[in-house]
Amino acid sequence: MSERAVTLPGEALHFAPGAPYYDGHFEGNPITPAIAQIGACLARLAPYAADLGRSARPLAARFYAVIAPGDTIFLTWKLGQDGAVEAALYRSEQLCSRITFELADAGGGL
């Protein structure tokens, strides 16, 4: 695995109120769906994976705290076990989610 995958920059993510993925998730008490969190991470990881001739696929996810509409979350990256890349989403010091991605050979399919 190239070190480039390990040196992805941390950045702030903003989950905008009114985003379509909040419709019905959950009425009167909206929370950011897992797929929106995974998609936000994947959108940032995919260009780095492509530079390595690989594609990024989610392997596992754990959710520890609710991310509400309007929350700004800080995304960090680290190399996980077996060459996987792990995204961690934090609100201040609170861990909200941890998502692990595999960098697979591009074109390998699911």
# chains A, B, ... in the order shown; residues from 1 in each chain; ligands from 1
>>> select_by_dssp(residues="chain A", states="helix (DSSP H, G or I)", output="mmCIF file with all heavy atoms, in the first residue's frame")
data_model
loop_
_atom_site.group_PDB
_atom_site.id
_atom_site.type_symbol
_atom_site.label_atom_id
_atom_site.label_comp_id
_atom_site.auth_asym_id
_atom_site.auth_seq_id
_atom_site.Cartn_x
_atom_site.Cartn_y
_atom_site.Cartn_z
ATOM 1 N N GLU A 3 1.990 5.018 0.751
ATOM 2 C CA GLU A 3 1.762 5.903 1.896
ATOM 3 C C GLU A 3 0.766 6.998 1.567
ATOM 4 O O GLU A 3 0.205 7.604 2.450
ATOM 5 C CB GLU A 3 3.078 6.512 2.354
ATOM 6 C CG GLU A 3 3.972 5.474 2.964
ATOM 7 C CD GLU A 3 4.811 6.048 4.064
ATOM 8 O OE1 GLU A 3 4.628 7.214 4.421
ATOM 9 O OE2 GLU A 3 5.646 5.317 4.561
ATOM 10 N N ARG A 4 0.527 7.228 0.292
ATOM 11 C CA ARG A 4 -0.419 8.275 -0.085
ATOM 12 C C ARG A 4 -1.783 8.044 0.540
ATOM 13 O O ARG A 4 -2.463 8.979 0.941
ATOM 14 C CB ARG A 4 -0.545 8.336 -1.598
ATOM 15 C CG ARG A 4 -1.480 9.437 -2.021
ATOM 16 C CD ARG A 4 -1.095 9.972 -3.335
ATOM 17 N NE ARG A 4 -1.913 11.142 -3.557
ATOM 18 C CZ ARG A 4 -2.200 11.612 -4.713
ATOM 19 N NH1 ARG A 4 -1.707 11.050 -5.773
ATOM 20 N NH2 ARG A 4 -2.937 12.677 -4.849
ATOM 21 N N ALA A 5 -2.203 6.797 0.647
ATOM 22 C CA ALA A 5 -3.504 6.498 1.244
ATOM 23 C C ALA A 5 -3.547 6.879 2.713
ATOM 24 O O ALA A 5 -4.594 7.157 3.254
ATOM 25 C CB ALA A 5 -3.836 5.017 1.081
ATOM 26 N N PRO A 20 -31.693 16.111 0.818
ATOM 27 C CA PRO A 20 -32.748 15.129 0.535
ATOM 28 C C PRO A 20 -32.678 13.868 1.386
ATOM 29 O O PRO A 20 -33.704 13.246 1.657
ATOM 30 C CB PRO A 20 -32.543 14.789 -0.939
ATOM 31 C CG PRO A 20 -31.667 15.840 -1.499
ATOM 32 C CD PRO A 20 -30.935 16.468 -0.366
ATOM 33 N N TYR A 21 -31.489 13.487 1.826
ATOM 34 C CA TYR A 21 -31.387 12.250 2.608
ATOM 35 C C TYR A 21 -32.005 12.356 3.997
ATOM 36 O O TYR A 21 -32.164 11.362 4.684
ATOM 37 C CB TYR A 21 -29.949 11.731 2.692
ATOM 38 C CG TYR A 21 -28.883 12.740 3.042
ATOM 39 C CD1 TYR A 21 -28.714 13.206 4.345
ATOM 40 C CD2 TYR A 21 -28.025 13.208 2.060
ATOM 41 C CE1 TYR A 21 -27.732 14.114 4.656
ATOM 42 C CE2 TYR A 21 -27.014 14.109 2.377
ATOM 43 C CZ TYR A 21 -26.877 14.563 3.666
ATOM 44 O OH TYR A 21 -25.893 15.456 3.973
ATOM 45 N N TYR A 22 -32.395 13.569 4.413
ATOM 46 C CA TYR A 22 -33.077 13.712 5.703
ATOM 47 C C TYR A 22 -34.578 13.439 5.604
ATOM 48 O O TYR A 22 -35.223 13.221 6.621
ATOM 49 C CB TYR A 22 -32.852 15.103 6.302
ATOM 50 C CG TYR A 22 -31.445 15.309 6.797
ATOM 51 C CD1 TYR A 22 -30.629 16.280 6.247
ATOM 52 C CD2 TYR A 22 -30.924 14.525 7.818
ATOM 53 C CE1 TYR A 22 -29.338 16.476 6.698
ATOM 54 C CE2 TYR A 22 -29.624 14.706 8.272
ATOM 55 C CZ TYR A 22 -28.840 15.679 7.709
ATOM 56 O OH TYR A 22 -27.562 15.864 8.144
ATOM 57 N N ALA A 34 -26.555 6.649 7.624
ATOM 58 C CA ALA A 34 -25.260 5.991 7.422
ATOM 59 C C ALA A 34 -24.785 6.161 5.988
ATOM 60 O O ALA A 34 -23.597 6.441 5.748
ATOM 61 C CB ALA A 34 -25.365 4.511 7.775
ATOM 62 N N ILE A 35 -25.675 6.015 5.020
ATOM 63 C CA ILE A 35 -25.273 6.091 3.623
ATOM 64 C C ILE A 35 -24.727 7.470 3.275
ATOM 65 O O ILE A 35 -23.817 7.597 2.452
ATOM 66 C CB ILE A 35 -26.424 5.665 2.676
ATOM 67 C CG1 ILE A 35 -25.909 5.424 1.259
ATOM 68 C CG2 ILE A 35 -27.550 6.667 2.698
ATOM 69 C CD1 ILE A 35 -25.019 4.225 1.124
ATOM 70 N N ALA A 36 -25.244 8.525 3.900
ATOM 71 C CA ALA A 36 -24.730 9.877 3.656
ATOM 72 C C ALA A 36 -23.329 10.028 4.243
ATOM 73 O O ALA A 36 -22.453 10.654 3.637
ATOM 74 C CB ALA A 36 -25.676 10.920 4.246
ATOM 75 N N GLN A 37 -23.096 9.446 5.410
ATOM 76 C CA GLN A 37 -21.773 9.500 6.021
ATOM 77 C C GLN A 37 -20.747 8.713 5.199
ATOM 78 O O GLN A 37 -19.651 9.194 4.925
ATOM 79 C CB GLN A 37 -21.834 8.957 7.445
ATOM 80 C CG GLN A 37 -22.707 9.797 8.366
ATOM 81 C CD GLN A 37 -22.836 9.187 9.737
ATOM 82 O OE1 GLN A 37 -21.833 8.840 10.363
ATOM 83 N NE2 GLN A 37 -24.060 9.049 10.222
ATOM 84 N N ILE A 38 -21.137 7.510 4.798
ATOM 85 C CA ILE A 38 -20.251 6.668 3.989
ATOM 86 C C ILE A 38 -19.974 7.352 2.649
ATOM 87 O O ILE A 38 -18.833 7.403 2.186
ATOM 88 C CB ILE A 38 -20.857 5.265 3.796
ATOM 89 C CG1 ILE A 38 -20.881 4.524 5.144
ATOM 90 C CG2 ILE A 38 -20.080 4.467 2.749
ATOM 91 C CD1 ILE A 38 -21.711 3.255 5.145
ATOM 92 N N GLY A 39 -21.017 7.905 2.032
ATOM 93 C CA GLY A 39 -20.854 8.588 0.750
ATOM 94 C C GLY A 39 -19.930 9.786 0.833
ATOM 95 O O GLY A 39 -19.115 10.015 -0.072
ATOM 96 N N ALA A 40 -20.022 10.562 1.912
ATOM 97 C CA ALA A 40 -19.149 11.725 2.079
ATOM 98 C C ALA A 40 -17.684 11.295 2.186
ATOM 99 O O ALA A 40 -16.798 11.913 1.594
ATOM 100 C CB ALA A 40 -19.562 12.523 3.316
ATOM 101 N N CYS A 41 -17.437 10.213 2.909
ATOM 102 C CA CYS A 41 -16.067 9.702 3.040
ATOM 103 C C CYS A 41 -15.573 9.134 1.720
ATOM 104 O O CYS A 41 -14.443 9.393 1.292
ATOM 105 C CB CYS A 41 -16.002 8.628 4.124
ATOM 106 S SG CYS A 41 -16.339 9.232 5.780
ATOM 107 N N LEU A 42 -16.412 8.363 1.071
ATOM 108 C CA LEU A 42 -16.042 7.728 -0.189
ATOM 109 C C LEU A 42 -15.727 8.769 -1.262
ATOM 110 O O LEU A 42 -14.779 8.605 -2.032
ATOM 111 C CB LEU A 42 -17.162 6.801 -0.652
ATOM 112 C CG LEU A 42 -16.872 5.910 -1.839
ATOM 113 C CD1 LEU A 42 -15.642 5.037 -1.600
ATOM 114 C CD2 LEU A 42 -18.080 5.040 -2.145
ATOM 115 N N ALA A 43 -16.475 9.862 -1.286
ATOM 116 C CA ALA A 43 -16.228 10.924 -2.264
ATOM 117 C C ALA A 43 -14.835 11.522 -2.098
ATOM 118 O O ALA A 43 -14.212 11.939 -3.077
ATOM 119 C CB ALA A 43 -17.289 12.020 -2.130
ATOM 120 N N ARG A 44 -14.338 11.551 -0.877
ATOM 121 C CA ARG A 44 -13.002 12.101 -0.629
ATOM 122 C C ARG A 44 -11.900 11.068 -0.830
ATOM 123 O O ARG A 44 -10.795 11.396 -1.217
ATOM 124 C CB ARG A 44 -12.945 12.693 0.775
ATOM 125 C CG ARG A 44 -13.620 14.049 0.780
ATOM 126 C CD ARG A 44 -14.470 14.269 1.998
ATOM 127 N NE ARG A 44 -15.131 15.556 1.921
ATOM 128 C CZ ARG A 44 -16.378 15.710 1.491
ATOM 129 N NH1 ARG A 44 -17.080 14.690 1.082
ATOM 130 N NH2 ARG A 44 -16.928 16.904 1.450
ATOM 131 N N LEU A 45 -12.205 9.809 -0.577
ATOM 132 C CA LEU A 45 -11.208 8.741 -0.706
ATOM 133 C C LEU A 45 -11.034 8.281 -2.153
ATOM 134 O O LEU A 45 -9.928 7.929 -2.563
ATOM 135 C CB LEU A 45 -11.619 7.552 0.174
ATOM 136 C CG LEU A 45 -10.708 6.328 0.165
ATOM 137 C CD1 LEU A 45 -9.276 6.686 0.555
ATOM 138 C CD2 LEU A 45 -11.287 5.246 1.075
ATOM 139 N N ALA A 46 -12.085 8.306 -2.942
ATOM 140 C CA ALA A 46 -12.056 7.749 -4.304
ATOM 141 C C ALA A 46 -10.955 8.335 -5.197
ATOM 142 O O ALA A 46 -10.273 7.567 -5.886
ATOM 143 C CB ALA A 46 -13.422 7.902 -4.960
ATOM 144 N N PRO A 47 -10.716 9.649 -5.212
ATOM 145 C CA PRO A 47 -9.645 10.165 -6.075
ATOM 146 C C PRO A 47 -8.248 9.647 -5.684
ATOM 147 O O PRO A 47 -7.420 9.382 -6.548
ATOM 148 C CB PRO A 47 -9.723 11.682 -5.892
ATOM 149 C CG PRO A 47 -11.102 11.947 -5.404
ATOM 150 C CD PRO A 47 -11.488 10.738 -4.600
ATOM 151 N N TYR A 48 -8.005 9.498 -4.394
ATOM 152 C CA TYR A 48 -6.723 8.965 -3.936
ATOM 153 C C TYR A 48 -6.575 7.498 -4.324
ATOM 154 O O TYR A 48 -5.518 7.064 -4.760
ATOM 155 C CB TYR A 48 -6.584 9.139 -2.421
ATOM 156 C CG TYR A 48 -6.405 10.574 -2.030
ATOM 157 C CD1 TYR A 48 -7.501 11.377 -1.738
ATOM 158 C CD2 TYR A 48 -5.143 11.148 -1.968
ATOM 159 C CE1 TYR A 48 -7.347 12.711 -1.401
ATOM 160 C CE2 TYR A 48 -4.969 12.476 -1.636
ATOM 161 C CZ TYR A 48 -6.077 13.253 -1.355
ATOM 162 O OH TYR A 48 -5.920 14.570 -1.028
ATOM 163 N N ALA A 49 -7.658 6.748 -4.179
ATOM 164 C CA ALA A 49 -7.636 5.339 -4.576
ATOM 165 C C ALA A 49 -7.385 5.222 -6.075
ATOM 166 O O ALA A 49 -6.579 4.386 -6.519
ATOM 167 C CB ALA A 49 -8.950 4.660 -4.196
ATOM 168 N N ALA A 50 -8.042 6.053 -6.867
ATOM 169 C CA ALA A 50 -7.870 6.020 -8.322
ATOM 170 C C ALA A 50 -6.432 6.329 -8.715
ATOM 171 O O ALA A 50 -5.892 5.713 -9.647
ATOM 172 C CB ALA A 50 -8.835 6.998 -8.992
ATOM 173 N N ASP A 51 -5.786 7.269 -8.021
ATOM 174 C CA ASP A 51 -4.378 7.583 -8.292
ATOM 175 C C ASP A 51 -3.481 6.370 -8.077
ATOM 176 O O ASP A 51 -2.409 6.277 -8.665
ATOM 177 C CB ASP A 51 -3.886 8.734 -7.407
ATOM 178 C CG ASP A 51 -4.404 10.085 -7.868
ATOM 179 O OD1 ASP A 51 -4.993 10.169 -8.975
ATOM 180 O OD2 ASP A 51 -4.229 11.060 -7.115
ATOM 181 N N GLN A 81 -5.989 -2.168 9.747
ATOM 182 C CA GLN A 81 -5.445 -3.512 9.624
ATOM 183 C C GLN A 81 -5.520 -3.991 8.182
ATOM 184 O O GLN A 81 -6.444 -3.658 7.449
ATOM 185 C CB GLN A 81 -6.207 -4.485 10.516
ATOM 186 C CG GLN A 81 -6.062 -4.171 11.981
ATOM 187 C CD GLN A 81 -6.876 -5.131 12.839
ATOM 188 O OE1 GLN A 81 -7.755 -5.830 12.354
ATOM 189 N NE2 GLN A 81 -6.568 -5.144 14.118
ATOM 190 N N ASP A 82 -4.550 -4.776 7.771
ATOM 191 C CA ASP A 82 -4.525 -5.395 6.444
ATOM 192 C C ASP A 82 -4.610 -4.380 5.308
ATOM 193 O O ASP A 82 -5.197 -4.665 4.263
ATOM 194 C CB ASP A 82 -5.655 -6.423 6.308
ATOM 195 C CG ASP A 82 -5.563 -7.511 7.358
ATOM 196 O OD1 ASP A 82 -4.437 -7.903 7.706
ATOM 197 O OD2 ASP A 82 -6.618 -7.955 7.838
ATOM 198 N N GLY A 83 -4.058 -3.191 5.506
ATOM 199 C CA GLY A 83 -4.030 -2.197 4.447
ATOM 200 C C GLY A 83 -5.331 -1.460 4.226
ATOM 201 O O GLY A 83 -5.453 -0.689 3.288
#
>>> closest_residue(among="A:Gly18, A:Pro30, A:Gly24, A:Pro9", to="Ala68 (chain A)", atoms="only C-alpha atoms")
A:Pro30
>>> closest_residue(among="A:Arg54, A:Phe26, A:Leu13, A:Ile73", to="Gln94 (chain A)", atoms="only C-alpha atoms")
A:Ile73
>>> select_by_dssp(residues="chain A", states="strand (DSSP E or B)", output="PyMOL selection string")
chain A and resi 11-14+54-63+72-79+85-91+94-105
>>> residues_around(residues="Val66 (chain A)", least_positions_apart="4", cutoff="12 Å", atoms="only C-alpha atoms", output="PyMOL selection string")
chain A and resi 15+25-26+29-34+37+62+70-71+73+89-91+94-97
